[in-house]
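All remarks here apply to the structure that follows.
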There are 2 protein chains.
Amino acid sequence: MFRFDILASSKKTSARLGKLHTSHGVVNTPAFVFCATKASIKGVTMDHVKNAGTQMVLSNTYHLLLQPGGDLIREAGGLHKFTGWHGPMFTDSGGFQVFSLGYGGVEAEIKGSQQFIGKKTLLKLTDTYAQFRSYVDGTVITLTPELSIRTQIDLGADIMVAMDECTPYHVNKLYTANSMEKSKKWAMSSMRTLEKYGDRSQALLAVIQGGVYKDLRSESARFANEHNFNGHAIGGSLGKTSEEMYDVIAMTSEMLDRTRYTHLLGIGGIEDIFAGVKCGIDTFDCVNPTRIARHGSVIVKRRELPDINKRHMNLNNARYERDHSAISSSCTCYTCKNFTRAYIHHLLKAKEILSGTLISIHNIQTMNTLMEDIRTSLKTDSIDDAYHDWCSA
Amino acid sequence: MFRFDILASSKKTSARLGKLHTSHGVVNTPAFVFCATKASIKGVTMDHVKNAGTQMVLSNTYHLLLQPGGDLIREAGGLHKFTGWHGPMFTDSGGFQVFSLGYGGVEAEIKGSQQFIGKKTLLKLTDTYAQFRSYVDGTVITLTPELSIRTQIDLGADIMVAMDECTPYHVNKLYTANSMEKSKKWAMSSMRTLEKYGDRSQALLAVIQGGVYKDLRSESARFANEHNFNGHAIGGSLGKTSEEMYDVIAMTSEMLDRTRYTHLLGIGGIEDIFAGVKCGIDTFDCVNPTRIARHGSVIVKRRELPDINKRHMNLNNARYERDHSAISSSCTCYTCKNFTRAYIHHLLKAKEILSGTLISIHNIQTMNTLMEDIRTSLKTDSIDDAYHDWCSA
């Protein structure tokens, strides 16, 4: 089953409070979705993921297609049984990774901050498929919308995403237009595949492409609105600066059927989330909370930062060597209740992987607390108060 | 506080059922002690360590002296507060690592299977100190019995160990004799340091040295028995084969004041534990259960092994790729209740560190179950039944 209810809408912005109903439970929105890329949230057991207030987890079709394969996960009873995450589960289409890994970094591409660098794995791109080299064993894989959707059906996700080309930033408008048209075709193939092999208990999102171009986003949105998708995922290049990104999100969001659920792909900064929620985004995903944790970076409210010009608290810093306080005195996560900054600083210095686990738990709970604060603020249409609490120095 | 009660003694062997009372709780013996070498059980949060039935944790004075330092941990409120392990805590003297790391591998040295290889960090060894180079920052550290004990007092362990020279295997009897005499002197210095700076709420164990030589072990035991130690730790070289090791343990154990608690340093194979318990050993420690876990090796009863000539189940093996059963159908650990062999095989293949966490949890609980089974068997003086259950094919 899948249903999206809007419980309250802001009169000041496009923000809304909602509820996603899935076969594996409810997600109160706006919500953050945590990345279990290869069917594991790196270094964190699912009981800690759940206890930290997580509502939904995202796994990557691209990675799981290569290893261990959708058929194996279907045989295992789906991702829920396989991973031990029994709540709502989201999978992307794989297209995102084919292109982002194919061209270079993922986030860098969305934000336009990077030329095509890195090891390119994309071999061939046609109107009907993308061919790439597996990073696992070097074999050539042909990803079609049909393969993506059949794999997502095998994975058993509650919310899946139509195959798209994640249009890179460093291409011209013509490329972006052609790419968007291709994504429309792939979305229709995705829908047909789901109708043939699935039962629509799994939701299917259309990806809205079109880069930074209003007319292209508009056409992509028109197409999505006109077909029977369960919601939208805003993807592709969102511009080069935060301001440009907010403009693209705002512009795109306005064009969408607002009764439908809308996800923003791959964006998870706190400022970005506030901007996204105000544009009507319901869910966000990003690897950052757990990725930066493994490098010692901690998410806290801005006023808790020792240096308000930095985005995170870096526990590698020597200033924490003898700091016997919790990461955050207001946080109730497992890490903050039991451990100090000095202990985690020691673990980082001693290269003990528990540091990544403990910071990940804190970062997950902090993102969930952020979203809860945003939801609470939306009940009284006062998101600016929540913004002030999280983002003022 | 520290007290050791013997609740039952076997009539057939030297095994006994006991209870260690410490300031941080009780340890039912025989028990296994898990290694949190650098104040962390690698990749496992302490709630999982505890839920897996763990009674006592061991941290290494040597590693913690180098990083972050005893004074910092004292300032943090001791190891219990620092690590979040609030139960009984054991620390070794540091001497063990100075010599084992100084000469080569640790376990290899005890078991005599290795010539002096590896990076030697031991610089100088005199009657009063051992000087070595820190593997953390290259500085020269002079470890004396006084520094070892003052550090252990700072760490706040419930059970600490007198400074000793862990005599390597590849030395002659004269070296072993001189080394044992030196350990006696260091033990007395350790005792004096504890009496000067501590309050004896922390127990102090004498290390029994003397290599494989009966007369030397006898002299080491006589010395320990005659002084006011709270118990014994059998250390040093135990010979080259399992049989020789069991002989050395049996011979040494017989010489000890049997009213006192006895720990066997660094040994943790299942067969070895049965042999040790029968010789009167009360507690064991070994890094193996968590170390092998990080490489994919799982501890199960022998009859659960796919290949009874192997000691462990290796989940890297391709045979587990589509094996959707739990590691062990009889195990009730977090891992076995929630995950399959196929999932952990996938995690290993995908290089997801969660594999090490999940197998560690299983291996910890399995070792605790083993010890519980042994304790239960000792109530009816039937350890051979437990041995049969765990070690028969």
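Lettering and numbering for the structure tokens are positional, with chains as A, B, ... in the shown order, residues counted from 1 in each chain, and ligands counted from 1 in the shown order.
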
Contacts from chain A to chain B, 9 Å maximum, only C-alpha atoms: show me the residue list as a PDB file with C-alpha atoms, in the first residue's frame.
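Output file out33.pdb is given in full below:
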ATOM      1  CA  LYS A  38      25.027  -1.512   0.026  1.00  0.00           C
ATOM      2  CA  ALA A  39      22.250  -2.767   2.343  1.00  0.00           C
ATOM      3  CA  SER A  40      24.067  -1.550   5.460  1.00  0.00           C
ATOM      4  CA  ILE A  41      24.308   1.781   7.204  1.00  0.00           C
ATOM      5  CA  LYS A  42      28.055   1.737   7.525  1.00  0.00           C
ATOM      6  CA  GLY A  43      29.124   0.519  10.963  1.00  0.00           C
ATOM      7  CA  VAL A  44      25.748   1.004  12.667  1.00  0.00           C
ATOM      8  CA  THR A  45      23.490  -1.869  13.701  1.00  0.00           C
ATOM      9  CA  GLN A  67      26.525  -7.183  -5.462  1.00  0.00           C
ATOM     10  CA  PRO A  68      24.760  -9.391  -4.310  1.00  0.00           C
ATOM     11  CA  LEU A  72      19.514 -13.066  -4.255  1.00  0.00           C
ATOM     12  CA  ILE A  73      17.785 -10.380  -2.178  1.00  0.00           C
ATOM     13  CA  GLU A  75      15.274 -15.026  -2.481  1.00  0.00           C
ATOM     14  CA  ALA A  76      16.256 -13.692   0.974  1.00  0.00           C
ATOM     15  CA  LYS A  81      14.461  -9.241   5.893  1.00  0.00           C
ATOM     16  CA  PHE A  82      17.968  -9.077   4.467  1.00  0.00           C
ATOM     17  CA  THR A  83      19.042  -5.926   6.294  1.00  0.00           C
ATOM     18  CA  GLY A  84      16.945  -6.217   9.438  1.00  0.00           C
ATOM     19  CA  VAL A 136      32.925  -5.014  -8.420  1.00  0.00           C
ATOM     20  CA  GLU A 321      41.519  15.879  23.904  1.00  0.00           C
ATOM     21  CA  ARG A 322      40.486  16.642  27.485  1.00  0.00           C
ATOM     22  CA  ASP A 323      36.909  17.699  26.869  1.00  0.00           C
ATOM     23  CA  HIS A 324      34.949  15.403  29.146  1.00  0.00           C
ATOM     24  CA  ASN A 338      27.198   7.427  27.368  1.00  0.00           C
ATOM     25  CA  PHE A 339      30.356   8.966  25.913  1.00  0.00           C
ATOM     26  CA  THR A 340      32.399  12.148  25.919  1.00  0.00           C
ATOM     27  CA  ALA A 342      37.460  13.172  24.820  1.00  0.00           C
ATOM     28  CA  TYR A 343      36.603   9.480  24.450  1.00  0.00           C
ATOM     29  CA  HIS A 346      40.777   9.194  21.623  1.00  0.00           C
ATOM     30  CA  LEU A 347      39.028   6.610  19.423  1.00  0.00           C
ATOM     31  CA  LYS A 349      43.351   9.116  17.270  1.00  0.00           C
ATOM     32  CA  ALA A 350      43.675   5.395  18.016  1.00  0.00           C
ATOM     33  CA  GLU A 352      39.243   2.657  16.470  1.00  0.00           C
ATOM     34  CA  ILE A 353      36.299   2.229  14.092  1.00  0.00           C
ATOM     35  CA  LEU A 354      33.890   2.622  17.006  1.00  0.00           C
ATOM     36  CA  SER A 355      34.408   6.386  16.571  1.00  0.00           C
ATOM     37  CA  GLY A 356      32.534   6.253  13.253  1.00  0.00           C
ATOM     38  CA  THR A 357      29.774   4.162  14.802  1.00  0.00           C
ATOM     39  CA  LEU A 358      29.271   6.480  17.768  1.00  0.00           C
TER      40      LEU A 358
END

Which residues, written as a ChimeraX atom specification, have at least one atom at most 6 Å from range 385-393 of chain A, with only C-alpha atoms counted and residues fewer than 5 positions away on the same chain left out?
/A:301-303

Could you turn the residues from that selection into a file that holds N, CA and C atoms, as a PDB file, in the first residue's frame?
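Okay, part_12.pdb is ready:
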ATOM      1  N   LYS A 301      23.695  21.862  16.342  1.00  0.00           N
ATOM      2  CA  LYS A 301      23.110  23.163  16.019  1.00  0.00           C
ATOM      3  C   LYS A 301      24.237  24.173  15.836  1.00  0.00           C
ATOM      4  N   ARG A 302      23.978  25.193  15.023  1.00  0.00           N
ATOM      5  CA  ARG A 302      25.052  26.126  14.678  1.00  0.00           C
ATOM      6  C   ARG A 302      25.655  26.777  15.918  1.00  0.00           C
ATOM      7  N   ARG A 303      24.805  27.117  16.894  1.00  0.00           N
ATOM      8  CA  ARG A 303      25.347  27.808  18.072  1.00  0.00           C
ATOM      9  C   ARG A 303      26.208  26.877  18.931  1.00  0.00           C
TER      10      ARG A 303
END

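Residues in contact with range 291-298 of chain B at up to 8 Å, not including ones fewer than 3 positions away on its chain and judged by only C-alpha atoms, are B:Val287, B:Asn288, B:His312, B:Met313, B:Asn314, B:Leu315, B:Asn316, B:Leu348, B:Ile353, B:Ser355, B:Gly356, B:Thr357, B:Ile359, B:Ser360, B:His362, B:Asn363.
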